[in-house]
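S.K.: Input coords.txt, format and content: compact mmCIF, C-alpha atoms.
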# COMPACT_ATOMS: atom_id res chain seq x y z
CA MET A 1 20.23 -14.45 -3.96
CA PRO A 2 21.72 -11.26 -2.49
CA PRO A 3 20.83 -7.98 -4.17
CA ALA A 4 23.53 -6.44 -6.30
CA LYS A 5 22.92 -2.88 -5.14
CA THR A 6 21.36 -1.25 -2.12
CA LYS A 7 20.32 2.35 -1.73
CA ASN A 8 19.43 3.95 1.59
CA LEU A 9 16.17 5.87 1.23
CA SER A 10 16.13 7.54 4.62
CA ARG A 11 16.74 10.97 3.06
CA THR A 12 14.45 10.59 0.05
CA ARG A 13 11.36 12.73 0.59
CA ALA A 14 8.49 13.64 -1.65
CA PRO A 15 8.39 17.37 -2.30
CA GLN A 16 5.90 19.30 -0.17
CA ASN A 17 4.75 16.12 1.56
CA ARG A 18 3.63 16.67 5.12
CA ALA A 19 5.94 14.51 7.19
CA LEU A 20 4.87 11.24 8.75
CA PRO A 21 6.73 9.91 11.77
CA LYS A 22 9.70 8.00 10.41
CA SER A 23 9.99 4.58 12.01
CA ALA A 24 12.60 2.88 9.87
CA THR A 25 15.16 3.28 7.15
CA TRP A 26 13.79 1.70 4.00
CA GLU A 27 16.16 0.18 1.49
CA LEU A 28 15.95 0.14 -2.28
CA HIS A 29 17.52 -2.97 -3.82
CA THR A 30 18.35 -3.79 -7.40
CA SER A 31 18.62 -7.52 -7.95
CA THR A 32 20.95 -9.26 -10.35
CA ASN A 33 18.09 -9.52 -12.85
CA GLY A 34 17.62 -5.73 -12.77
CA THR A 35 14.44 -5.76 -10.70
CA GLY A 36 14.03 -2.91 -8.22
CA PHE A 37 12.24 -3.47 -4.92
CA LEU A 38 11.95 -1.96 -1.44
CA GLN A 39 12.37 -3.70 1.90
CA VAL A 40 12.20 -2.86 5.60
CA PRO A 41 15.39 -4.06 7.34
CA ALA A 42 13.48 -4.93 10.52
CA PHE A 43 11.57 -7.60 8.60
CA ASN A 44 14.79 -9.13 7.31
CA ALA A 45 15.69 -10.11 10.87
CA PHE A 46 13.48 -13.20 10.41
CA PRO A 47 15.15 -15.75 8.11
CA TRP A 48 11.87 -17.61 7.59
CA LEU A 49 10.16 -14.52 6.19
CA THR A 50 10.23 -13.01 2.71
CA HIS A 51 8.78 -9.64 1.81
CA GLY A 52 9.12 -6.86 -0.71
CA PHE A 53 7.47 -3.83 -2.29
CA SER A 54 8.01 -3.71 -6.04
CA THR A 55 8.90 -0.60 -8.03
CA SER A 56 8.59 0.14 -11.74
CA LYS A 57 12.28 -0.68 -12.31
CA GLY A 58 13.24 -3.67 -14.42
CA GLY A 59 10.86 -6.04 -16.14
CA VAL A 60 9.99 -6.85 -19.73
CA SER A 61 6.93 -4.64 -20.26
CA THR A 62 7.45 -1.82 -22.76
CA LEU A 63 5.73 1.55 -22.53
CA ASN A 64 6.85 4.74 -24.28
CA GLY A 65 10.20 3.17 -25.03
CA SER A 66 10.94 2.16 -21.42
CA LYS A 67 11.19 -1.29 -19.88
CA LEU A 68 8.95 -1.57 -16.82
CA LEU A 69 8.11 -4.07 -14.08
CA ASN A 70 4.33 -4.04 -14.47
CA LEU A 71 2.80 -6.67 -12.18
CA GLY A 72 -0.87 -6.10 -12.96
CA PHE A 73 -2.99 -7.22 -15.91
CA THR A 74 -3.64 -3.92 -17.70
CA GLU A 75 -5.01 -3.14 -21.14
CA TRP A 76 -1.73 -1.79 -22.48
CA ASP A 77 0.39 -4.80 -21.48
CA ALA A 78 0.44 -8.39 -22.64
CA ARG A 79 -0.52 -11.05 -20.13
CA GLU A 80 2.65 -13.05 -20.77
CA ASN A 81 4.74 -9.96 -19.95
CA VAL A 82 3.01 -9.58 -16.58
CA GLN A 83 3.49 -13.24 -15.78
CA LYS A 84 7.19 -13.01 -16.63
CA ASN A 85 7.51 -9.83 -14.54
CA ARG A 86 5.97 -11.63 -11.59
CA ARG A 87 8.50 -14.43 -11.94
CA LEU A 88 11.30 -11.87 -12.10
CA PHE A 89 10.01 -10.18 -8.95
CA GLN A 90 9.83 -13.47 -7.06
CA ALA A 91 13.31 -14.38 -8.25
CA ALA A 92 14.62 -11.03 -7.02
CA LEU A 93 13.21 -11.85 -3.57
CA ASN A 94 14.62 -15.38 -3.74
CA ALA A 95 11.03 -16.61 -3.44
CA ASN A 96 10.66 -18.80 -6.51
CA GLU A 97 9.52 -21.73 -4.38
CA LEU A 98 6.58 -19.81 -2.91
CA VAL A 99 3.16 -19.76 -4.59
CA LEU A 100 1.99 -16.22 -5.34
CA VAL A 101 -1.54 -15.62 -4.04
CA SER A 102 -3.03 -12.42 -5.46
CA LEU A 103 -6.55 -11.06 -5.06
CA LYS A 104 -9.41 -9.67 -7.13
CA GLN A 105 -9.39 -6.29 -5.43
CA PHE A 106 -12.52 -4.16 -5.39
CA HIS A 107 -11.97 -1.54 -2.65
CA SER A 108 -13.73 -3.53 0.05
CA ASP A 109 -13.17 -4.56 3.67
CA VAL A 110 -13.16 -8.29 2.79
CA VAL A 111 -10.31 -10.39 4.24
CA CYS A 112 -9.44 -13.87 2.91
CA ASP A 113 -7.76 -16.49 5.09
CA PHE A 114 -5.63 -18.89 3.05
CA SER A 115 -4.55 -22.27 4.36
CA SER A 116 -3.58 -23.41 0.85
CA ALA A 117 -3.21 -21.88 -2.60
CA PRO A 118 -6.66 -21.15 -4.11
CA HIS A 119 -7.69 -22.42 -7.52
CA GLU A 120 -9.19 -19.03 -8.39
CA PRO A 121 -8.32 -15.57 -7.02
CA CYS A 122 -10.39 -14.54 -4.02
CA SER A 123 -12.44 -11.33 -4.31
CA ALA A 124 -11.05 -9.34 -1.39
CA ASP A 125 -8.65 -6.53 -0.48
CA ALA A 126 -6.67 -8.26 2.26
CA SER A 127 -5.38 -11.75 2.95
CA ILE A 128 -3.89 -13.59 5.92
CA THR A 129 -2.08 -16.90 6.36
CA ASP A 130 0.14 -18.90 8.69
CA THR A 131 0.79 -21.51 6.00
CA PRO A 132 4.36 -21.75 4.66
CA ASP A 133 5.18 -21.40 0.97
CA LEU A 134 2.34 -18.98 0.19
CA LEU A 135 3.29 -15.49 -0.97
CA LEU A 136 0.44 -13.09 -0.23
CA GLY A 137 0.28 -10.11 -2.57
CA VAL A 138 -1.70 -6.91 -3.13
CA GLN A 139 -1.48 -4.61 -6.15
CA THR A 140 -1.36 -0.82 -5.95
CA ALA A 141 -0.74 2.23 -8.11
CA ASP A 142 -1.54 4.96 -5.53
CA CYS A 143 -3.47 3.12 -2.80
CA VAL A 144 -1.74 2.09 0.41
CA PRO A 145 -0.11 -1.36 0.62
CA ILE A 146 0.30 -2.66 4.17
CA LEU A 147 2.20 -5.80 5.19
CA LEU A 148 1.56 -7.24 8.67
CA LEU A 149 3.80 -9.69 10.50
CA ASP A 150 3.25 -11.69 13.68
CA PRO A 151 6.73 -13.07 14.42
CA LYS A 152 5.52 -15.09 17.44
CA LYS A 153 2.71 -16.93 15.68
CA ARG A 154 4.50 -16.88 12.31
CA ALA A 155 1.51 -15.37 10.56
CA VAL A 156 1.40 -12.68 7.88
CA ALA A 157 -1.08 -10.44 6.08
CA ALA A 158 -1.19 -8.22 3.00
CA VAL A 159 -3.65 -5.32 2.82
CA HIS A 160 -4.78 -3.00 0.01
CA ALA A 161 -6.24 0.23 1.44
CA GLY A 162 -7.66 2.87 -0.87
CA TRP A 163 -9.86 5.59 0.58
CA ARG A 164 -12.89 3.30 0.58
CA GLY A 165 -11.04 0.48 2.32
CA THR A 166 -9.51 2.93 4.78
CA LEU A 167 -12.95 4.37 5.52
CA GLN A 168 -14.17 0.81 6.16
CA ARG A 169 -11.19 0.17 8.50
CA ILE A 170 -9.81 -2.72 6.45
CA VAL A 171 -6.46 -2.83 8.24
CA GLU A 172 -8.16 -2.94 11.65
CA LYS A 173 -10.44 -5.72 10.42
CA THR A 174 -7.45 -7.64 9.08
CA ILE A 175 -5.82 -7.47 12.51
CA GLY A 176 -9.10 -8.65 14.01
CA ARG A 177 -9.03 -11.70 11.74
CA MET A 178 -5.44 -12.42 12.76
CA LYS A 179 -6.49 -12.29 16.39
CA MET A 180 -9.37 -14.66 15.70
CA GLU A 181 -7.58 -17.15 13.45
CA PHE A 182 -4.05 -17.13 14.87
CA LYS A 183 -4.51 -15.73 18.39
CA SER A 184 -2.25 -12.83 17.43
CA ASP A 185 -1.62 -10.14 20.00
CA PRO A 186 -1.50 -6.71 18.30
CA VAL A 187 1.37 -5.61 20.54
CA ASP A 188 3.51 -8.31 18.88
CA LEU A 189 2.66 -7.26 15.32
CA LEU A 190 4.94 -5.39 12.94
CA ALA A 191 3.49 -3.34 10.11
CA ALA A 192 5.04 -1.84 6.97
CA ILE A 193 3.11 0.87 5.13
CA GLY A 194 4.54 1.00 1.64
CA PRO A 195 4.76 3.70 -1.03
CA ALA A 196 1.44 5.37 -1.82
CA ILE A 197 0.16 8.68 -3.04
CA GLY A 198 0.95 11.25 -0.38
CA GLY A 199 -0.97 14.02 1.28
CA CYS A 200 0.92 16.36 -1.04
CA CYS A 201 -0.88 15.03 -4.12
CA TYR A 202 -4.03 13.08 -3.22
CA GLU A 203 -7.02 15.33 -3.83
CA VAL A 204 -10.49 14.08 -2.91
CA GLY A 205 -13.91 15.68 -2.88
CA THR A 206 -15.39 17.25 0.20
CA GLU A 207 -17.90 14.38 0.35
CA VAL A 208 -14.98 12.05 1.09
CA ALA A 209 -13.79 14.39 3.84
CA ALA A 210 -17.30 14.45 5.28
CA ALA A 211 -17.44 10.65 5.30
CA PHE A 212 -14.14 10.40 7.18
CA HIS A 213 -15.15 13.17 9.57
CA SER A 214 -18.30 11.22 10.46
CA GLN A 215 -16.33 8.04 11.26
CA PHE A 216 -13.05 9.14 12.85
CA ALA A 217 -12.44 11.64 15.64
CA ASP A 218 -8.89 12.32 14.42
CA ALA A 219 -9.84 12.74 10.75
CA PRO A 220 -8.87 16.46 10.75
CA GLU A 221 -5.24 15.37 11.17
CA TRP A 222 -5.36 13.48 7.87
CA PHE A 223 -6.47 16.38 5.66
CA ASP A 224 -4.65 19.53 4.67
CA GLU A 225 -7.87 21.40 5.42
CA LEU A 226 -10.94 19.52 6.59
CA ARG A 227 -13.86 20.95 4.62
CA THR A 228 -17.03 18.91 4.18
CA GLY A 229 -18.83 21.17 1.72
CA ASP A 230 -21.42 22.24 4.29
CA GLU A 231 -19.52 25.32 5.41
CA PRO A 232 -21.06 28.71 4.53
CA ASN A 233 -19.33 30.74 1.85
CA PRO A 234 -18.24 34.00 3.53
CA LEU A 235 -17.55 35.63 0.15
CA GLN A 236 -20.96 34.85 -1.32
CA TRP A 237 -22.12 38.46 -1.11
CA LEU A 238 -18.90 39.69 -2.73
CA ASN A 239 -19.15 37.17 -5.57
CA GLN A 240 -22.81 38.08 -6.07
CA PHE A 241 -23.93 34.46 -6.04
CA PRO A 242 -27.52 34.04 -4.87
CA PRO A 243 -28.21 31.56 -2.04
CA GLY A 244 -27.93 27.97 -3.24
CA HIS A 245 -25.73 28.93 -6.22
CA GLN A 246 -22.30 29.05 -4.65
CA PRO A 247 -19.44 27.58 -6.68
CA PRO A 248 -18.69 23.99 -5.74
CA PRO A 249 -16.22 23.68 -2.85
CA LYS A 250 -12.62 22.98 -3.70
CA ASN A 251 -11.11 19.56 -3.25
CA VAL A 252 -9.08 18.71 -0.16
CA ARG A 253 -5.95 16.61 0.17
CA LEU A 254 -6.04 13.36 2.14
CA ASP A 255 -3.05 11.52 3.62
CA LEU A 256 -4.06 7.86 3.51
CA ARG A 257 -0.82 6.69 5.12
CA LYS A 258 -1.50 8.81 8.19
CA ALA A 259 -5.03 7.46 8.35
CA ASN A 260 -3.89 3.85 8.22
CA ARG A 261 -1.08 4.44 10.69
CA ALA A 262 -3.67 5.85 13.09
CA GLN A 263 -5.79 2.73 12.62
CA LEU A 264 -2.81 0.49 13.35
CA LEU A 265 -2.20 2.38 16.59
CA ALA A 266 -5.89 2.16 17.46
CA ALA A 267 -5.74 -1.60 16.89
CA GLY A 268 -3.00 -1.90 19.52
CA LEU A 269 0.28 -1.88 17.57
CA SER A 270 3.30 -0.24 19.19
CA ARG A 271 4.59 2.92 17.53
CA GLN A 272 8.09 1.48 17.16
CA ASN A 273 6.66 -1.49 15.24
CA ILE A 274 5.13 0.60 12.45
CA PHE A 275 7.42 1.34 9.50
CA VAL A 276 6.19 3.98 7.05
CA SER A 277 7.64 4.72 3.64
CA ASP A 278 7.55 8.42 2.76
CA LEU A 279 7.74 7.83 -1.00
CA CYS A 280 4.82 9.41 -2.87
CA THR A 281 3.80 7.53 -6.01
CA ALA A 282 2.68 10.72 -7.78
CA CYS A 283 5.95 12.52 -6.95
CA ARG A 284 8.20 9.65 -8.08
CA PRO A 285 7.20 8.55 -11.60
CA ASP A 286 10.85 7.60 -12.09
CA LEU A 287 10.50 4.82 -9.52
CA LEU A 288 6.82 4.08 -8.92
CA PHE A 289 3.50 3.72 -10.75
CA SER A 290 0.74 6.26 -10.12
CA TYR A 291 -2.71 5.97 -11.65
CA ARG A 292 -3.47 9.57 -10.70
CA LYS A 293 -0.33 10.71 -12.53
CA GLN A 294 -0.20 8.31 -15.47
CA GLY A 295 -3.84 7.36 -16.03
CA SER A 296 -4.62 4.30 -18.12
CA GLU A 297 -0.95 3.86 -18.99
CA SER A 298 -0.03 3.24 -15.37
CA GLY A 299 1.29 -0.16 -14.39
CA ARG A 300 0.73 -1.89 -11.08
CA MET A 301 3.15 -2.53 -8.24
CA MET A 302 2.87 -5.49 -5.90
CA SER A 303 3.63 -5.81 -2.20
CA VAL A 304 4.21 -9.37 -0.98
CA MET A 305 4.83 -11.26 2.23
CA GLY A 306 5.35 -14.98 2.79
CA ILE A 307 6.59 -17.64 5.19
CA ARG A 308 9.34 -19.98 4.08
CA ALA A 309 8.99 -23.64 4.96
CA GLU A 310 11.64 -24.88 7.36
CA LYS A 311 14.12 -27.12 5.61
Would you put the structure from the file into structure tokens?

M.R.:
Amino acid sequence: MPPAKTKNLSRTRAPQNRALPKSATWELHTSTNGTGFLQVPAFNAFPWLTHGFSTSKGGVSTLNGSKLLNLGFTEWDARENVQKNRRLFQAALNANELVLVSLKQFHSDVVCDFSSAPHEPCSADASITDTPDLLLGVQTADCVPILLLDPKKRAVAAVHAGWRGTLQRIVEKTIGRMKMEFKSDPVDLLAAIGPAIGGCCYEVGTEVAAAFHSQFADAPEWFDELRTGDEPNPLQWLNQFPPGHQPPPKNVRLDLRKANRAQLLAAGLSRQNIFVSDLCTACRPDLLFSYRKQGSESGRMMSVMGIRAEK
């Protein structure tokens, strides 16, 4: 089912977002059922592959007078709405025949390997398969969705990377599982890093910065200003704060997409095989869901990847 409309997003940039290396032109599609989704053209070169990153556009969920494509089971939305939205999303991708395999995500480094559709959702934050007719999916509303493709082994993966998963190197561990299970060579892999909250908007505490600094040599490149909270306060004497009573350090901004791109490179992927969306979820409430921006009324997007069975 070809999309009715296509929009080139190569010039769409989040305001004040520190630039990531652009590796591809992403495309925004609107299907005939009104569902909006993003794709990487390089992935569409494989006719046996289906993939997509959902947006908030389309759907049957109603919030504040707007119709939305919420794909996660939230308190404000009815379960039947979410299930219908998921069917609409699959139909937009022409993937009705594939079985959607979602996860019980809990910000971990757990990776599930599926050879068939599970009876119950697996508690994990990444999944891999080389089995046709399974559509792997991860849900996000600020965290980083990453889709991995091995075109030689015909294997795929879907990864959910928040700051905890990124700190635990979940995308590197997912690639390790693909190497172990499918004999994948990282140099053959393609990766798409989808829309997520950008370094322009994602504030974290200095304890998070300290944790990254202790684990990654290039962590300073991922923060607008790497402060761990241990630095002395040079203005303490001017502010007349006694020792031990300094005001708490300010938050810092973390670019999770940069961090995960660095991990993909460290795992052995080629730079030209990494495709990064520069859409910030917090900057684009017109197109994307953001928990940081919308709070409990935020919906959930879904990023999916699957292998079609050969006819």

S.K.: Can you measure CA of Asn64 in chain A to CA of Cys201 in chain A for me? One decimal in Å is fine.

M.R.: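 Separating CA of Asn64 in chain A from CA of Cys201 in chain A is a distance of 23.9 Å.
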
S.K.: Write out as JSON, numbers by chain which residues come within 10 Å of Asp286 in chain A when counting all atoms listed in the file, dropping same-chain ones fewer than 3 positions away.

M.R.: {"A": [55, 56, 57, 281, 282, 283, 289]}

S.K.: When distances are computed from only C-alpha atoms, which of A:Gln263, A:Val144, A:Gly205, A:Leu93 shows the smallest separation from Ile175 in chain A?

M.R.: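 Using only C-alpha atoms, Ile175 in chain A sits closest to A:Gln263.
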
S.K.: Could you check the closest approach to Ala191 in chain A for each of A:His51, A:Pro220, A:Gly72, A:Val101 and tell me which residue wins, using only C-alpha atoms?

M.R.: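 Counting only C-alpha atoms, the residue closest to Ala191 in chain A is A:His51.
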
S.K.: Let me make sure I understand: among A:Ser61, A:Thr74, A:Thr129, A:Thr50, which one has the smallest atom-to-atom distance to Ser184 in chain A if we use all atoms listed in the file?

M.R.: A:Thr129

S.K.: Can you fill out range 79-102 of chain A with N, CA and C atoms and hand it back as a CSV table (one decimal), in the frame of the given file?

M.R.:
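New file selection-v8.csv:
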chain,number,residue,atom,x,y,z
A,79,ARG,N,-0.4,-10.2,-21.3
A,79,ARG,CA,-0.5,-11.0,-20.1
A,79,ARG,C,0.8,-11.8,-19.9
A,80,GLU,N,1.4,-12.3,-20.9
A,80,GLU,CA,2.6,-13.0,-20.8
A,80,GLU,C,3.8,-12.2,-20.2
A,81,ASN,N,3.8,-10.9,-20.5
A,81,ASN,CA,4.7,-10.0,-20.0
A,81,ASN,C,4.6,-9.8,-18.4
A,82,VAL,N,3.3,-9.7,-18.0
A,82,VAL,CA,3.0,-9.6,-16.6
A,82,VAL,C,3.4,-10.8,-15.8
A,83,GLN,N,3.1,-12.0,-16.4
A,83,GLN,CA,3.5,-13.2,-15.8
A,83,GLN,C,5.0,-13.4,-15.7
A,84,LYS,N,5.7,-13.0,-16.7
A,84,LYS,CA,7.2,-13.0,-16.6
A,84,LYS,C,7.7,-12.0,-15.6
A,85,ASN,N,7.1,-10.8,-15.5
A,85,ASN,CA,7.5,-9.8,-14.5
A,85,ASN,C,7.3,-10.4,-13.1
A,86,ARG,N,6.2,-11.1,-12.9
A,86,ARG,CA,6.0,-11.6,-11.6
A,86,ARG,C,7.0,-12.7,-11.2
A,87,ARG,N,7.4,-13.4,-12.2
A,87,ARG,CA,8.5,-14.4,-11.9
A,87,ARG,C,9.8,-13.7,-11.6
A,88,LEU,N,10.1,-12.6,-12.4
A,88,LEU,CA,11.3,-11.9,-12.1
A,88,LEU,C,11.3,-11.3,-10.7
A,89,PHE,N,10.1,-10.8,-10.3
A,89,PHE,CA,10.0,-10.2,-9.0
A,89,PHE,C,10.2,-11.2,-7.9
A,90,GLN,N,9.6,-12.4,-8.0
A,90,GLN,CA,9.8,-13.5,-7.1
A,90,GLN,C,11.3,-13.9,-7.0
A,91,ALA,N,11.9,-14.0,-8.2
A,91,ALA,CA,13.3,-14.4,-8.2
A,91,ALA,C,14.2,-13.4,-7.5
A,92,ALA,N,13.9,-12.1,-7.7
A,92,ALA,CA,14.6,-11.0,-7.0
A,92,ALA,C,14.5,-11.2,-5.5
A,93,LEU,N,13.4,-11.7,-5.0
A,93,LEU,CA,13.2,-11.8,-3.6
A,93,LEU,C,13.7,-13.2,-3.1
A,94,ASN,N,14.2,-14.0,-4.0
A,94,ASN,CA,14.6,-15.4,-3.7
A,94,ASN,C,13.4,-16.2,-3.2
A,95,ALA,N,12.3,-16.0,-3.9
A,95,ALA,CA,11.0,-16.6,-3.4
A,95,ALA,C,10.4,-17.4,-4.5
A,96,ASN,N,11.2,-18.0,-5.4
A,96,ASN,CA,10.7,-18.8,-6.5
A,96,ASN,C,9.8,-20.0,-6.0
A,97,GLU,N,10.2,-20.5,-4.9
A,97,GLU,CA,9.5,-21.7,-4.4
A,97,GLU,C,8.2,-21.4,-3.8
A,98,LEU,N,7.9,-20.2,-3.5
A,98,LEU,CA,6.6,-19.8,-2.9
A,98,LEU,C,5.5,-19.6,-4.0
A,99,VAL,N,4.3,-19.9,-3.7
A,99,VAL,CA,3.2,-19.8,-4.6
A,99,VAL,C,2.5,-18.4,-4.4
A,100,LEU,N,2.5,-17.6,-5.4
A,100,LEU,CA,2.0,-16.2,-5.3
A,100,LEU,C,0.5,-16.3,-5.3
A,101,VAL,N,-0.1,-15.6,-4.2
A,101,VAL,CA,-1.5,-15.6,-4.0
A,101,VAL,C,-2.0,-14.2,-4.1
A,102,SER,N,-2.5,-13.8,-5.3
A,102,SER,CA,-3.0,-12.4,-5.5
A,102,SER,C,-4.5,-12.4,-5.3
